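J.: Structure file run_36.cif, mmCIF, C-alpha atoms and all ligand atoms, is pasted below:
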data_protein
loop_
_atom_site.group_PDB
_atom_site.id
_atom_site.type_symbol
_atom_site.label_atom_id
_atom_site.label_comp_id
_atom_site.auth_asym_id
_atom_site.auth_seq_id
_atom_site.Cartn_x
_atom_site.Cartn_y
_atom_site.Cartn_z
ATOM 1 C CA MET N 1 4.357 -95.139 -168.910
ATOM 2 C CA VAL N 2 4.354 -91.614 -167.444
ATOM 3 C CA GLU N 3 2.293 -88.448 -167.709
ATOM 4 C CA ARG N 4 3.971 -85.600 -169.576
ATOM 5 C CA ASN N 5 3.161 -82.326 -171.297
ATOM 6 C CA VAL N 6 4.153 -82.519 -174.925
ATOM 7 C CA GLU N 7 4.330 -79.941 -177.686
ATOM 8 C CA ILE N 8 2.175 -80.072 -180.782
ATOM 9 C CA VAL N 9 4.384 -80.215 -183.879
ATOM 10 C CA SER N 10 1.474 -80.059 -186.335
ATOM 11 C CA ASN N 11 -2.273 -80.562 -186.334
ATOM 12 C CA GLU N 12 -3.631 -80.763 -189.845
ATOM 13 C CA ARG N 13 -6.790 -81.850 -191.553
ATOM 14 C CA ASP N 14 -6.471 -85.185 -193.370
ATOM 15 C CA THR N 15 -9.876 -85.653 -195.022
ATOM 16 C CA ASP N 16 -13.202 -84.161 -194.017
ATOM 17 C CA LEU N 17 -13.535 -84.634 -190.214
ATOM 18 C CA TYR N 18 -10.201 -86.430 -189.779
ATOM 19 C CA PHE N 19 -7.035 -84.750 -188.513
ATOM 20 C CA ARG N 20 -3.416 -85.788 -187.965
ATOM 21 C CA LEU N 21 -1.791 -84.552 -184.786
ATOM 22 C CA ALA N 22 1.991 -84.898 -184.423
ATOM 23 C CA LEU N 23 3.486 -84.525 -180.929
ATOM 24 C CA ARG N 24 7.080 -84.104 -179.864
ATOM 25 C CA ALA N 25 7.384 -87.107 -177.527
ATOM 26 C CA PRO N 26 10.592 -89.091 -178.108
ATOM 27 C CA GLU N 27 10.208 -91.292 -175.019
ATOM 28 C CA VAL N 28 6.701 -92.315 -176.078
ATOM 29 C CA ALA N 29 7.824 -92.868 -179.684
ATOM 30 C CA HIS N 30 10.660 -95.079 -178.486
ATOM 31 C CA ALA N 31 8.482 -97.245 -176.224
ATOM 32 C CA THR N 32 5.394 -97.686 -178.438
ATOM 33 C CA GLN N 33 4.234 -101.123 -179.570
ATOM 34 C CA PRO N 34 1.653 -101.539 -182.366
ATOM 35 C CA GLY N 35 -1.921 -101.235 -181.070
ATOM 36 C CA GLN N 36 -1.077 -99.170 -177.994
ATOM 37 C CA PHE N 37 -2.728 -95.854 -177.250
ATOM 38 C CA LEU N 38 -2.225 -92.449 -175.654
ATOM 39 C CA HIS N 39 -4.576 -91.006 -173.049
ATOM 40 C CA MET N 40 -4.755 -87.295 -173.747
ATOM 41 C CA ARG N 41 -5.843 -84.270 -171.744
ATOM 42 C CA ILE N 42 -6.922 -81.432 -174.016
ATOM 43 C CA PRO N 43 -6.402 -78.170 -172.080
ATOM 44 C CA PRO N 44 -8.902 -75.921 -173.965
ATOM 45 C CA LEU N 45 -11.686 -78.359 -173.104
ATOM 46 C CA ARG N 46 -13.592 -77.097 -170.054
ATOM 47 C CA GLU N 47 -13.785 -80.576 -168.471
ATOM 48 C CA ALA N 48 -10.112 -81.034 -169.360
ATOM 49 C CA LEU N 49 -9.499 -83.500 -166.545
ATOM 50 C CA LEU N 50 -11.307 -86.197 -168.526
ATOM 51 C CA ARG N 51 -8.771 -87.618 -170.937
ATOM 52 C CA ARG N 52 -9.502 -89.065 -174.388
ATOM 53 C CA PRO N 53 -7.861 -92.280 -175.713
ATOM 54 C CA PHE N 54 -6.284 -92.353 -179.201
ATOM 55 C CA SER N 55 -4.347 -95.125 -180.927
ATOM 56 C CA ILE N 56 -0.757 -94.307 -181.692
ATOM 57 C CA PHE N 57 -0.752 -94.118 -185.477
ATOM 58 C CA GLN N 58 2.935 -93.479 -186.156
ATOM 59 C CA ALA N 59 6.017 -93.328 -183.923
ATOM 60 C CA ASN N 60 9.198 -91.976 -185.478
ATOM 61 C CA GLY N 61 12.256 -90.869 -183.524
ATOM 62 C CA GLN N 62 11.128 -87.615 -181.932
ATOM 63 C CA THR N 63 7.426 -87.690 -182.696
ATOM 64 C CA VAL N 64 4.259 -89.680 -182.270
ATOM 65 C CA THR N 65 1.244 -89.035 -184.490
ATOM 66 C CA ILE N 66 -2.415 -89.747 -183.912
ATOM 67 C CA LEU N 67 -5.124 -89.776 -186.555
ATOM 68 C CA TYR N 68 -8.420 -88.621 -185.092
ATOM 69 C CA LYS N 69 -11.983 -87.933 -186.124
ATOM 70 C CA VAL N 70 -13.901 -84.963 -184.741
ATOM 71 C CA VAL N 71 -16.933 -86.537 -183.058
ATOM 72 C CA GLY N 72 -17.605 -84.381 -179.984
ATOM 73 C CA LYS N 73 -16.366 -81.580 -177.802
ATOM 74 C CA GLY N 74 -12.957 -83.060 -176.932
ATOM 75 C CA THR N 75 -11.912 -83.804 -180.482
ATOM 76 C CA GLU N 76 -13.441 -80.522 -181.656
ATOM 77 C CA ALA N 77 -11.341 -78.600 -179.100
ATOM 78 C CA LEU N 78 -8.305 -80.618 -180.158
ATOM 79 C CA SER N 79 -8.841 -79.749 -183.829
ATOM 80 C CA ARG N 80 -8.543 -76.048 -182.934
ATOM 81 C CA MET N 81 -5.134 -76.441 -181.235
ATOM 82 C CA ARG N 82 -2.032 -75.233 -183.053
ATOM 83 C CA ALA N 83 1.658 -76.117 -183.357
ATOM 84 C CA GLY N 84 3.593 -74.934 -180.299
ATOM 85 C CA GLU N 85 0.692 -75.494 -177.870
ATOM 86 C CA GLU N 86 0.821 -78.401 -175.404
ATOM 87 C CA VAL N 87 -1.371 -81.336 -174.486
ATOM 88 C CA SER N 88 -0.824 -83.752 -171.620
ATOM 89 C CA VAL N 89 -0.408 -87.422 -172.505
ATOM 90 C CA ILE N 90 -0.085 -90.672 -170.588
ATOM 91 C CA GLY N 91 1.380 -93.461 -172.645
ATOM 92 C CA PRO N 92 2.064 -95.640 -174.395
ATOM 93 C CA LEU N 93 -0.775 -97.586 -172.760
ATOM 94 C CA GLY N 94 -2.437 -100.956 -173.157
ATOM 95 C CA HIS N 95 -1.688 -104.374 -174.508
ATOM 96 C CA GLY N 96 -1.224 -104.140 -178.284
ATOM 97 C CA PHE N 97 -1.069 -106.512 -181.262
ATOM 98 C CA THR N 98 1.324 -109.433 -181.597
ATOM 99 C CA VAL N 99 3.764 -108.532 -184.371
ATOM 100 C CA PRO N 100 3.823 -111.357 -186.979
ATOM 101 C CA GLN N 101 6.949 -113.522 -187.110
ATOM 102 C CA PRO N 102 8.952 -114.214 -190.280
ATOM 103 C CA GLY N 103 7.500 -117.254 -192.037
ATOM 104 C CA GLY N 104 4.336 -117.233 -189.890
ATOM 105 C CA ALA N 105 0.719 -116.841 -190.943
ATOM 106 C CA THR N 106 -0.047 -114.139 -193.526
ATOM 107 C CA PRO N 107 -1.453 -111.079 -191.717
ATOM 108 C CA LEU N 108 -4.834 -109.761 -192.886
ATOM 109 C CA LEU N 109 -5.604 -106.370 -191.336
ATOM 110 C CA VAL N 110 -9.226 -105.242 -191.146
ATOM 111 C CA ALA N 111 -10.117 -101.652 -190.285
ATOM 112 C CA GLY N 112 -13.158 -99.444 -190.171
ATOM 113 C CA GLY N 113 -12.688 -95.642 -190.284
ATOM 114 C CA TYR N 114 -10.160 -94.426 -187.711
ATOM 115 C CA GLY N 115 -9.428 -98.093 -186.900
ATOM 116 C CA MET N 116 -6.729 -97.708 -189.579
ATOM 117 C CA ALA N 117 -4.770 -95.643 -187.057
ATOM 118 C CA ALA N 118 -4.183 -98.692 -184.857
ATOM 119 C CA MET N 119 -2.922 -100.712 -187.832
ATOM 120 C CA TYR N 120 -0.129 -98.669 -189.333
ATOM 121 C CA LEU N 121 2.646 -99.583 -186.879
ATOM 122 C CA LEU N 122 1.663 -103.230 -187.111
ATOM 123 C CA ALA N 123 2.004 -103.129 -190.904
ATOM 124 C CA GLU N 124 5.244 -101.171 -190.681
ATOM 125 C CA ARG N 125 6.863 -103.539 -188.173
ATOM 126 C CA SER N 126 5.605 -106.800 -189.602
ATOM 127 C CA PRO N 127 8.444 -108.643 -191.368
ATOM 128 C CA GLN N 128 5.777 -110.223 -193.503
ATOM 129 C CA LYS N 129 3.513 -108.221 -195.799
ATOM 130 C CA GLY N 130 -0.125 -109.130 -196.149
ATOM 131 C CA MET N 131 -3.419 -107.518 -197.007
ATOM 132 C CA VAL N 132 -5.280 -104.547 -195.566
ATOM 133 C CA PHE N 133 -9.071 -104.423 -195.802
ATOM 134 C CA VAL N 134 -10.427 -100.987 -195.066
ATOM 135 C CA GLY N 135 -14.023 -99.850 -195.012
ATOM 136 C CA GLY N 136 -16.022 -96.725 -194.331
ATOM 137 C CA LYS N 137 -19.343 -95.106 -195.050
ATOM 138 C CA ARG N 138 -17.936 -92.887 -197.822
ATOM 139 C CA ALA N 139 -14.658 -92.119 -199.613
ATOM 140 C CA GLU N 140 -13.707 -89.539 -196.928
ATOM 141 C CA ASP N 141 -13.638 -92.318 -194.294
ATOM 142 C CA ILE N 142 -10.906 -94.221 -196.142
ATOM 143 C CA LEU N 143 -7.687 -93.162 -194.462
ATOM 144 C CA CYS N 144 -3.993 -93.615 -195.281
ATOM 145 C CA GLU N 145 -4.572 -96.031 -198.149
ATOM 146 C CA LYS N 146 -1.487 -94.695 -199.947
ATOM 147 C CA GLU N 147 0.728 -95.121 -196.886
ATOM 148 C CA PHE N 148 -0.176 -98.782 -196.542
ATOM 149 C CA ARG N 149 0.469 -99.322 -200.247
ATOM 150 C CA ALA N 150 3.823 -97.552 -199.841
ATOM 151 C CA LEU N 151 4.705 -100.152 -197.171
ATOM 152 C CA GLY N 152 4.115 -102.808 -199.828
ATOM 153 C CA TRP N 153 0.756 -104.075 -198.535
ATOM 154 C CA ASP N 154 -2.125 -105.014 -200.804
ATOM 155 C CA VAL N 155 -5.037 -102.686 -199.880
ATOM 156 C CA ARG N 156 -8.714 -103.478 -200.568
ATOM 157 C CA VAL N 157 -11.361 -100.813 -200.000
ATOM 158 C CA THR N 158 -15.119 -100.818 -199.456
ATOM 159 C CA THR N 159 -17.515 -97.926 -198.932
ATOM 160 C CA GLU N 160 -21.176 -98.204 -198.029
ATOM 161 C CA ASP N 161 -22.171 -95.635 -200.662
ATOM 162 C CA GLY N 162 -19.829 -97.058 -203.312
ATOM 163 C CA SER N 163 -17.886 -93.785 -203.650
ATOM 164 C CA ARG N 164 -14.572 -95.667 -203.396
ATOM 165 C CA GLY N 165 -13.652 -99.328 -203.830
ATOM 166 C CA GLU N 166 -16.291 -102.041 -203.723
ATOM 167 C CA LYS N 167 -19.756 -101.059 -202.518
ATOM 168 C CA GLY N 168 -20.691 -102.624 -199.190
ATOM 169 C CA ILE N 169 -19.043 -103.378 -195.856
ATOM 170 C CA VAL N 170 -15.449 -104.340 -195.280
ATOM 171 C CA THR N 171 -16.116 -107.756 -193.749
ATOM 172 C CA GLN N 172 -17.735 -109.007 -196.996
ATOM 173 C CA LEU N 173 -14.232 -109.154 -198.494
ATOM 174 C CA LEU N 174 -12.929 -111.628 -195.920
ATOM 175 C CA PRO N 175 -14.677 -114.961 -196.697
ATOM 176 C CA PRO N 176 -13.569 -115.047 -200.372
ATOM 177 C CA GLU N 177 -10.007 -114.240 -199.346
ATOM 178 C CA LEU N 178 -9.969 -116.861 -196.586
ATOM 179 C CA ARG N 179 -11.423 -119.442 -198.979
ATOM 180 C CA ARG N 180 -8.663 -118.712 -201.476
ATOM 181 C CA ALA N 181 -5.923 -119.145 -198.877
ATOM 182 C CA THR N 182 -3.189 -121.613 -199.631
ATOM 183 C CA ARG N 183 -1.283 -121.020 -196.395
ATOM 184 C CA GLY N 184 -2.030 -119.983 -192.790
ATOM 185 C CA GLN N 185 -3.605 -116.567 -192.225
ATOM 186 C CA LYS N 186 -4.267 -114.437 -189.183
ATOM 187 C CA LEU N 187 -6.743 -111.587 -188.809
ATOM 188 C CA PHE N 188 -6.061 -108.322 -186.958
ATOM 189 C CA ALA N 189 -8.959 -105.890 -186.624
ATOM 190 C CA CYS N 190 -9.797 -102.458 -185.275
ATOM 191 C CA GLY N 191 -13.048 -100.594 -185.803
ATOM 192 C CA PRO N 192 -16.614 -100.315 -184.527
ATOM 193 C CA THR N 193 -17.855 -103.093 -182.238
ATOM 194 C CA ALA N 194 -20.359 -104.314 -184.861
ATOM 195 C CA MET N 195 -17.483 -104.863 -187.289
ATOM 196 C CA LEU N 196 -15.342 -106.614 -184.659
ATOM 197 C CA LYS N 197 -18.172 -109.039 -183.881
ATOM 198 C CA VAL N 198 -18.419 -110.024 -187.560
ATOM 199 C CA VAL N 199 -14.638 -110.448 -187.799
ATOM 200 C CA ALA N 200 -14.723 -112.707 -184.719
ATOM 201 C CA LYS N 201 -17.528 -114.783 -186.247
ATOM 202 C CA ILE N 202 -15.690 -115.159 -189.569
ATOM 203 C CA ALA N 203 -12.484 -116.113 -187.728
ATOM 204 C CA GLU N 204 -14.405 -118.840 -185.908
ATOM 205 C CA GLU N 205 -16.085 -120.124 -189.078
ATOM 206 C CA PHE N 206 -12.782 -120.333 -190.963
ATOM 207 C CA ASN N 207 -10.838 -121.476 -187.904
ATOM 208 C CA VAL N 208 -8.231 -118.715 -188.196
ATOM 209 C CA PRO N 209 -6.813 -116.780 -185.234
ATOM 210 C CA ALA N 210 -7.845 -113.141 -184.831
ATOM 211 C CA GLU N 211 -6.705 -110.288 -182.606
ATOM 212 C CA ILE N 212 -9.229 -107.489 -182.230
ATOM 213 C CA SER N 213 -8.753 -104.028 -180.763
ATOM 214 C CA THR N 214 -11.841 -103.131 -178.718
ATOM 215 C CA ASP N 215 -13.295 -99.621 -178.630
ATOM 216 C CA GLU N 216 -14.808 -99.050 -175.183
ATOM 217 C CA HIS N 217 -15.359 -95.765 -173.387
ATOM 218 C CA MET N 218 -12.496 -95.115 -170.985
ATOM 219 C CA CYS N 219 -12.145 -92.886 -167.974
ATOM 220 C CA CYS N 220 -8.794 -93.338 -166.187
ATOM 221 C CA GLY N 221 -7.045 -95.353 -168.943
ATOM 222 C CA VAL N 222 -4.702 -96.949 -166.427
ATOM 223 C CA GLY N 223 -6.676 -99.771 -164.849
ATOM 224 C CA VAL N 224 -8.187 -98.060 -161.810
ATOM 225 C CA CYS N 225 -11.795 -96.991 -162.503
ATOM 226 C CA LEU N 226 -13.189 -100.145 -164.230
ATOM 227 C CA THR N 227 -15.378 -98.163 -166.687
ATOM 228 C CA CYS N 228 -13.842 -99.977 -169.653
ATOM 229 C CA VAL N 229 -14.354 -103.642 -168.694
ATOM 230 C CA ILE N 230 -15.674 -106.354 -171.013
ATOM 231 C CA PRO N 231 -16.431 -110.027 -170.268
ATOM 232 C CA VAL N 232 -13.572 -112.285 -171.326
ATOM 233 C CA ARG N 233 -13.437 -116.085 -171.360
ATOM 234 C CA THR N 234 -10.827 -117.608 -169.042
ATOM 235 C CA GLY N 235 -9.672 -121.201 -168.527
ATOM 236 C CA ASP N 236 -12.589 -122.225 -166.342
ATOM 237 C CA GLY N 237 -15.224 -119.570 -166.933
ATOM 238 C CA TRP N 238 -15.140 -115.841 -167.572
ATOM 239 C CA GLU N 239 -14.217 -112.579 -165.872
ATOM 240 C CA TYR N 240 -14.356 -108.874 -166.549
ATOM 241 C CA GLN N 241 -11.101 -107.534 -167.957
ATOM 242 C CA ARG N 242 -10.037 -103.931 -168.446
ATOM 243 C CA THR N 243 -9.726 -102.893 -172.072
ATOM 244 C CA CYS N 244 -7.241 -100.188 -171.045
ATOM 245 C CA THR N 245 -4.746 -102.593 -169.457
ATOM 246 C CA GLU N 246 -5.487 -106.220 -170.402
ATOM 247 C CA GLY N 247 -6.629 -104.783 -173.792
ATOM 248 C CA PRO N 248 -7.467 -102.989 -175.972
ATOM 249 C CA VAL N 249 -6.287 -105.954 -178.075
ATOM 250 C CA PHE N 250 -7.751 -109.386 -177.253
ATOM 251 C CA ASP N 251 -7.802 -112.800 -178.892
ATOM 252 C CA SER N 252 -11.262 -112.786 -180.529
ATOM 253 C CA ARG N 253 -11.988 -116.317 -179.247
ATOM 254 C CA ASN N 254 -11.912 -115.014 -175.693
ATOM 255 C CA VAL N 255 -14.222 -112.035 -176.063
ATOM 256 C CA LEU N 256 -17.788 -112.696 -174.882
ATOM 257 C CA TRP N 257 -20.137 -110.429 -176.824
ATOM 258 C CA GLU N 258 -22.983 -111.231 -174.476
ATOM 259 C CA LEU N 259 -22.917 -112.015 -170.779
ATOM 260 C CA PRO N 260 -23.344 -115.731 -170.064
ATOM 261 C CA ALA N 261 -26.772 -116.493 -168.567
HETATM 262 C C1 LIG N 301 -8.281 -97.643 -177.270
HETATM 263 C C2 LIG N 301 -8.978 -96.557 -178.065
HETATM 264 C C3 LIG N 301 -8.334 -96.032 -179.180
HETATM 265 C C4 LIG N 301 -8.957 -95.009 -179.915
HETATM 266 N N1 LIG N 301 -8.291 -94.526 -181.000
HETATM 267 C C5 LIG N 301 -8.848 -93.532 -181.713
HETATM 268 C C6 LIG N 301 -8.164 -93.002 -182.844
HETATM 269 O O1 LIG N 301 -7.073 -93.448 -183.201
HETATM 270 N N2 LIG N 301 -8.762 -92.000 -183.536
HETATM 271 C C7 LIG N 301 -10.002 -91.496 -183.166
HETATM 272 O O2 LIG N 301 -10.506 -90.583 -183.821
HETATM 273 N N3 LIG N 301 -10.670 -91.983 -182.095
HETATM 274 C C8 LIG N 301 -10.119 -92.982 -181.358
HETATM 275 N N4 LIG N 301 -10.800 -93.480 -180.275
HETATM 276 C C9 LIG N 301 -12.131 -92.913 -179.923
HETATM 277 C C10 LIG N 301 -11.906 -91.578 -179.210
HETATM 278 O O3 LIG N 301 -11.327 -91.817 -177.952
HETATM 279 C C11 LIG N 301 -13.254 -90.859 -179.048
HETATM 280 O O4 LIG N 301 -13.773 -90.557 -180.316
HETATM 281 C C12 LIG N 301 -13.049 -89.581 -178.265
HETATM 282 O O5 LIG N 301 -12.774 -89.891 -176.922
HETATM 283 C C13 LIG N 301 -14.300 -88.728 -178.338
HETATM 284 O O6 LIG N 301 -14.066 -87.574 -177.547
HETATM 285 P P1 LIG N 301 -14.978 -86.299 -177.728
HETATM 286 O O7 LIG N 301 -14.847 -85.485 -176.495
HETATM 287 O O8 LIG N 301 -14.726 -85.632 -179.027
HETATM 288 O O9 LIG N 301 -16.439 -86.911 -177.815
HETATM 289 P P2 LIG N 301 -17.549 -86.858 -176.690
HETATM 290 O O10 LIG N 301 -18.145 -85.487 -176.677
HETATM 291 O O11 LIG N 301 -17.051 -87.449 -175.416
HETATM 292 O O12 LIG N 301 -18.552 -87.877 -177.352
HETATM 293 C C14 LIG N 301 -19.047 -87.651 -178.686
HETATM 294 C C15 LIG N 301 -19.570 -88.946 -179.250
HETATM 295 O O13 LIG N 301 -18.488 -89.878 -179.420
HETATM 296 C C16 LIG N 301 -18.786 -91.078 -178.746
HETATM 297 N N5 LIG N 301 -17.551 -91.680 -178.191
HETATM 298 C C17 LIG N 301 -16.824 -91.231 -177.141
HETATM 299 N N6 LIG N 301 -15.821 -92.105 -176.885
HETATM 300 C C18 LIG N 301 -15.941 -93.099 -177.798
HETATM 301 C C19 LIG N 301 -15.239 -94.306 -178.037
HETATM 302 N N7 LIG N 301 -14.240 -94.731 -177.291
HETATM 303 N N8 LIG N 301 -15.628 -95.068 -179.065
HETATM 304 C C20 LIG N 301 -16.694 -94.722 -179.822
HETATM 305 N N9 LIG N 301 -17.412 -93.619 -179.636
HETATM 306 C C21 LIG N 301 -17.049 -92.826 -178.638
HETATM 307 C C22 LIG N 301 -19.773 -90.683 -177.656
HETATM 308 O O14 LIG N 301 -20.590 -91.770 -177.267
HETATM 309 C C23 LIG N 301 -20.590 -89.631 -178.348
HETATM 310 O O15 LIG N 301 -21.575 -90.186 -179.167
HETATM 311 C C24 LIG N 301 -10.238 -94.518 -179.526
HETATM 312 C C25 LIG N 301 -10.887 -95.059 -178.414
HETATM 313 C C26 LIG N 301 -10.278 -96.066 -177.696
HETATM 314 C C27 LIG N 301 -10.971 -96.652 -176.510
HETATM 315 S S1 LIG N 302 -10.444 -96.860 -168.138
HETATM 316 FE FE1 LIG N 302 -10.267 -96.972 -165.995
HETATM 317 S S2 LIG N 302 -9.911 -99.100 -165.666
HETATM 318 FE FE2 LIG N 302 -9.923 -98.888 -167.830
#
Produce structure tokens that represent the structure in this file.
Ligand SMILES: Cc1cc2nc3c(=O)[nH]c(=O)nc-3n(C[C@H](O)[C@H](O)[C@H](O)COP(=O)(O)OP(=O)(O)OC[C@H]3O[C@@H](n4cnc5c(N)ncnc54)[C@H](O)[C@@H]3O)c2cc1C
Ligand code: FES
T.:
Amino acid sequence: MVERNVEIVSNERDTDLYFRLALRAPEVAHATQPGQFLHMRIPPLREALLRRPFSIFQANGQTVTILYKVVGKGTEALSRMRAGEEVSVIGPLGHGFTVPQPGGATPLLVAGGYGMAAMYLLAERSPQKGMVFVGGKRAEDILCEKEFRALGWDVRVTTEDGSRGEKGIVTQLLPPELRRATRGQKLFACGPTAMLKVVAKIAEEFNVPAEISTDEHMCCGVGVCLTCVIPVRTGDGWEYQRTCTEGPVFDSRNVLWELPA
């Protein structure tokens, strides 16, 4: 993990407020594990010193790609950058997902909105194909469905307004699937905290393992500032752990959603 200036290869709109940014970064591409992220400095942003974290969506030979949503001034400034310009990245960072083993539990990936970005490498590198459950508010929030299908995964979609797939929220698809299971399954999830909490609850109810990628605000991204900590269960109690270094991926059984009294 080092800091480097990297060139933008392309920065194109995907759907609506979502963009794909490809960076020439062979060392990062080579070292990336599924679920890891980049911490990016966006030079046109006035407070450019504050970096923004983004999951590494794809890593191929010379390039890494992120899939981002414009939500504020950093991502808005990023969306105006062009091929040939440079951003500064630190990465790959964080503790990612465990890649399924041949013959192991069937992987069920659950994603909300840009959470799909954290899932692609996992699906690509998993020797075992499974199912992808993706949800969003509207059709425009459903990202890279075709790419997951092209990898041979079964993709199920929900939207809150019913404009694509089944109407409702993505987690409603899980209980019927888990009930139907004839062999071991394992959940992997990335999305808003409310969604992760439901996934953790369902995993507990059905007694299946789950790895969840947490989405906390980050400052340094490298374990120094402690802005990103969450309470995590340990052998004999609990402790705060850094989502940028011990995470962002945690075993859902260990995440404490509320502080113990
Ligand atoms: C490990 C990790 C991986 C991420 N991967 C992606 C990704 O693949 N694609 C993507 O689009 N985004 C991703 N994010 C979220 C992304 O970092 C934020 O959306 C981004 O930092 C916002 O910057 P901004 O300057 O545009 O927004 P700001 O102007 O800083 O804030 C605008 C709004 O976004 C909210 N916001 C800021 N940071 C976050 C956050 N971490 N989570 C939720 N809301 C936030 C703020 O509260 C505010 O409401 C990830 C975050 C983490 C922690
Ligand atoms: S963001 Fe600074 S310790 Fe995690």
J.: Let me see if you get this right: every residue at most 7 Å from ligand LIG 301 (chain N), counting all atoms listed in the file, written as a list in words.
T.: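 Here is the list of contacting residues: Phe37, Arg52, Pro53, Phe54, Ser55, Ile56, Phe57, Ile66, Leu67, Tyr68, Lys69, Val70, Val71, Gly72, Lys73, Gly74, Thr75, Glu76, Tyr114, Gly115, Ala117, Ala118, Thr214, Asp215, Glu216, His217, Met218, Cys244 and Pro248 of chain N.
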J.: I'd like to see the residues matched by the PyMOL selection byres (((chain N and resi 89) around 6) and not hetatm) on this file, and ideally I'd get them as a VMD selection string.
T.: chain N and resid 3 to 4 39 to 40 88 90
J.: Could you check the closest approach to N:Lys197 for each of N:Leu256, N:Gly223, N:Leu151, N:Pro175 and tell me which residue wins, using all atoms listed in the file?
T.: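 Nearest to N:Lys197: N:Leu256.
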J.: Could you tell me which residues the PyMOL selection byres (((not hetatm)) within 7 of (chain N and resi 302)) grabs in this file, written as a list in words?
T.: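 Checking the PyMOL selection byres (((not hetatm)) within 7 of (chain N and resi 302)) against this file, the residues are Met218, Cys219, Cys220, Gly221, Val222, Gly223, Val224, Cys225, Leu226, Thr227, Cys228, Val229, Arg242, Thr243, Cys244 and Thr245 of chain N.
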J.: Keeping C-alpha atoms, export the residues of the selection given above as a short mmCIF file (atom, residue, chain, number, x, y, z; two decimals), in the coordinates of the input.
T.:
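Here's the written file again_5.cif:
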data_model
loop_
_atom_site.label_atom_id
_atom_site.label_comp_id
_atom_site.auth_asym_id
_atom_site.auth_seq_id
_atom_site.Cartn_x
_atom_site.Cartn_y
_atom_site.Cartn_z
CA MET N 218 -12.50 -95.12 -170.98
CA CYS N 219 -12.14 -92.89 -167.97
CA CYS N 220 -8.79 -93.34 -166.19
CA GLY N 221 -7.04 -95.35 -168.94
CA VAL N 222 -4.70 -96.95 -166.43
CA GLY N 223 -6.68 -99.77 -164.85
CA VAL N 224 -8.19 -98.06 -161.81
CA CYS N 225 -11.80 -96.99 -162.50
CA LEU N 226 -13.19 -100.14 -164.23
CA THR N 227 -15.38 -98.16 -166.69
CA CYS N 228 -13.84 -99.98 -169.65
CA VAL N 229 -14.35 -103.64 -168.69
CA ARG N 242 -10.04 -103.93 -168.45
CA THR N 243 -9.73 -102.89 -172.07
CA CYS N 244 -7.24 -100.19 -171.04
CA THR N 245 -4.75 -102.59 -169.46
#
J.: Grab the atom CA of N:Gly165 to atom CA of N:Asp16 distance for me, in Å with one decimal place.
T.: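 Straight-line distance from atom CA of N:Gly165 to atom CA of N:Asp16 works out to 18.1 Å.
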J.: Which residues would end up in the selection if the PyMOL selection byres (((chain N and resi 106) around 8) and not hetatm) were applied here, given that I need the answer as number ranges by chain?
T.: N: 104-105, 107-108, 128-130, 183-186
J.: Measuring atom to atom with all atoms listed in the file, identify which of N:Ala123, N:Pro231, N:Gly35, N:Thr15 is nearest to N:His95.
T.: N:Gly35
J.: Just the number, please: distance in Å from atom CA of N:Val255 to atom CA of N:Leu121, one decimal.
T.: 23.6 Å
J.: By how many Å are atom CA of N:Phe188 and atom CA of N:Thr159 apart?
T.: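 If I compute the distance from atom CA of N:Phe188 to atom CA of N:Thr159, I get 19.6 Å.
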J.: Taking only C-alpha atoms into account, name the residue in N:Gln101, N:Arg24, N:Leu78, N:Asp154 that is nearest to N:Arg46.
T.: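 The closest residue to N:Arg46 is N:Leu78.
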J.: Looking at all atoms listed in the file, which of N:Ile142, N:Arg125, N:Cys190, N:Gly84 is the one that sits closest to N:Leu17?
T.: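 Of the candidates, the smallest distance to N:Leu17 is held by N:Ile142.
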J.: Of the residues N:Thr63, N:Phe206, N:Pro260, N:Val134, which is the one nearest to N:Arg180, using all atoms listed in the file?
T.: N:Phe206
J.: Would you list the contacts of N:Val199 as a PyMOL selection string, taking every protein, DNA or RNA residue within 10 Å and counting only C-alpha atoms, but skipping same-chain residues closer than 5 positions in sequence?
T.: chain N and resi 110+170-172+174-175+187-190+193-194+204-205+210-212+252
J.: With a distance cut-off of 9 Å and only C-alpha atoms, select the neighbouring residues of N:Glu12, excluding the residue or stretch itself and same-chain residues fewer than 6 positions from it, and output the selection as a list in words.
T.: Tyr18, Phe19, Arg20, Leu21, Ala22, Ser79 and Arg82 of chain N
J.: Near N:Ser163, within 12 Å and counting all atoms listed in the file, which residues show up once chain neighbours fewer than 5 positions away are dropped, as a PDB file with C-alpha atoms, in the frame of the given file?
T.:
ATOM      1  CA  GLY N 135     -14.023 -99.850-195.012  1.00  0.00           C
ATOM      2  CA  GLY N 136     -16.022 -96.725-194.331  1.00  0.00           C
ATOM      3  CA  LYS N 137     -19.343 -95.106-195.050  1.00  0.00           C
ATOM      4  CA  ARG N 138     -17.936 -92.887-197.822  1.00  0.00           C
ATOM      5  CA  ALA N 139     -14.658 -92.119-199.613  1.00  0.00           C
ATOM      6  CA  GLU N 140     -13.707 -89.539-196.928  1.00  0.00           C
ATOM      7  CA  ASP N 141     -13.638 -92.318-194.294  1.00  0.00           C
ATOM      8  CA  ILE N 142     -10.906 -94.221-196.142  1.00  0.00           C
ATOM      9  CA  VAL N 157     -11.361-100.813-200.000  1.00  0.00           C
ATOM     10  CA  THR N 158     -15.119-100.818-199.456  1.00  0.00           C
ATOM     11  CA  GLY N 168     -20.691-102.624-199.190  1.00  0.00           C
TER      12      GLY N 168
END
J.: Might you pull out every residue within 12 Å of N:Leu259, with all atoms listed in the file counted and same-chain residues fewer than 3 positions away left off, and present them as a list in words?
T.: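 With the cut-off at 12 Å, the set is Ile230, Pro231, Val232, Arg233, Gly237, Trp238, Glu239, Tyr240, Val255 and Leu256 of chain N.
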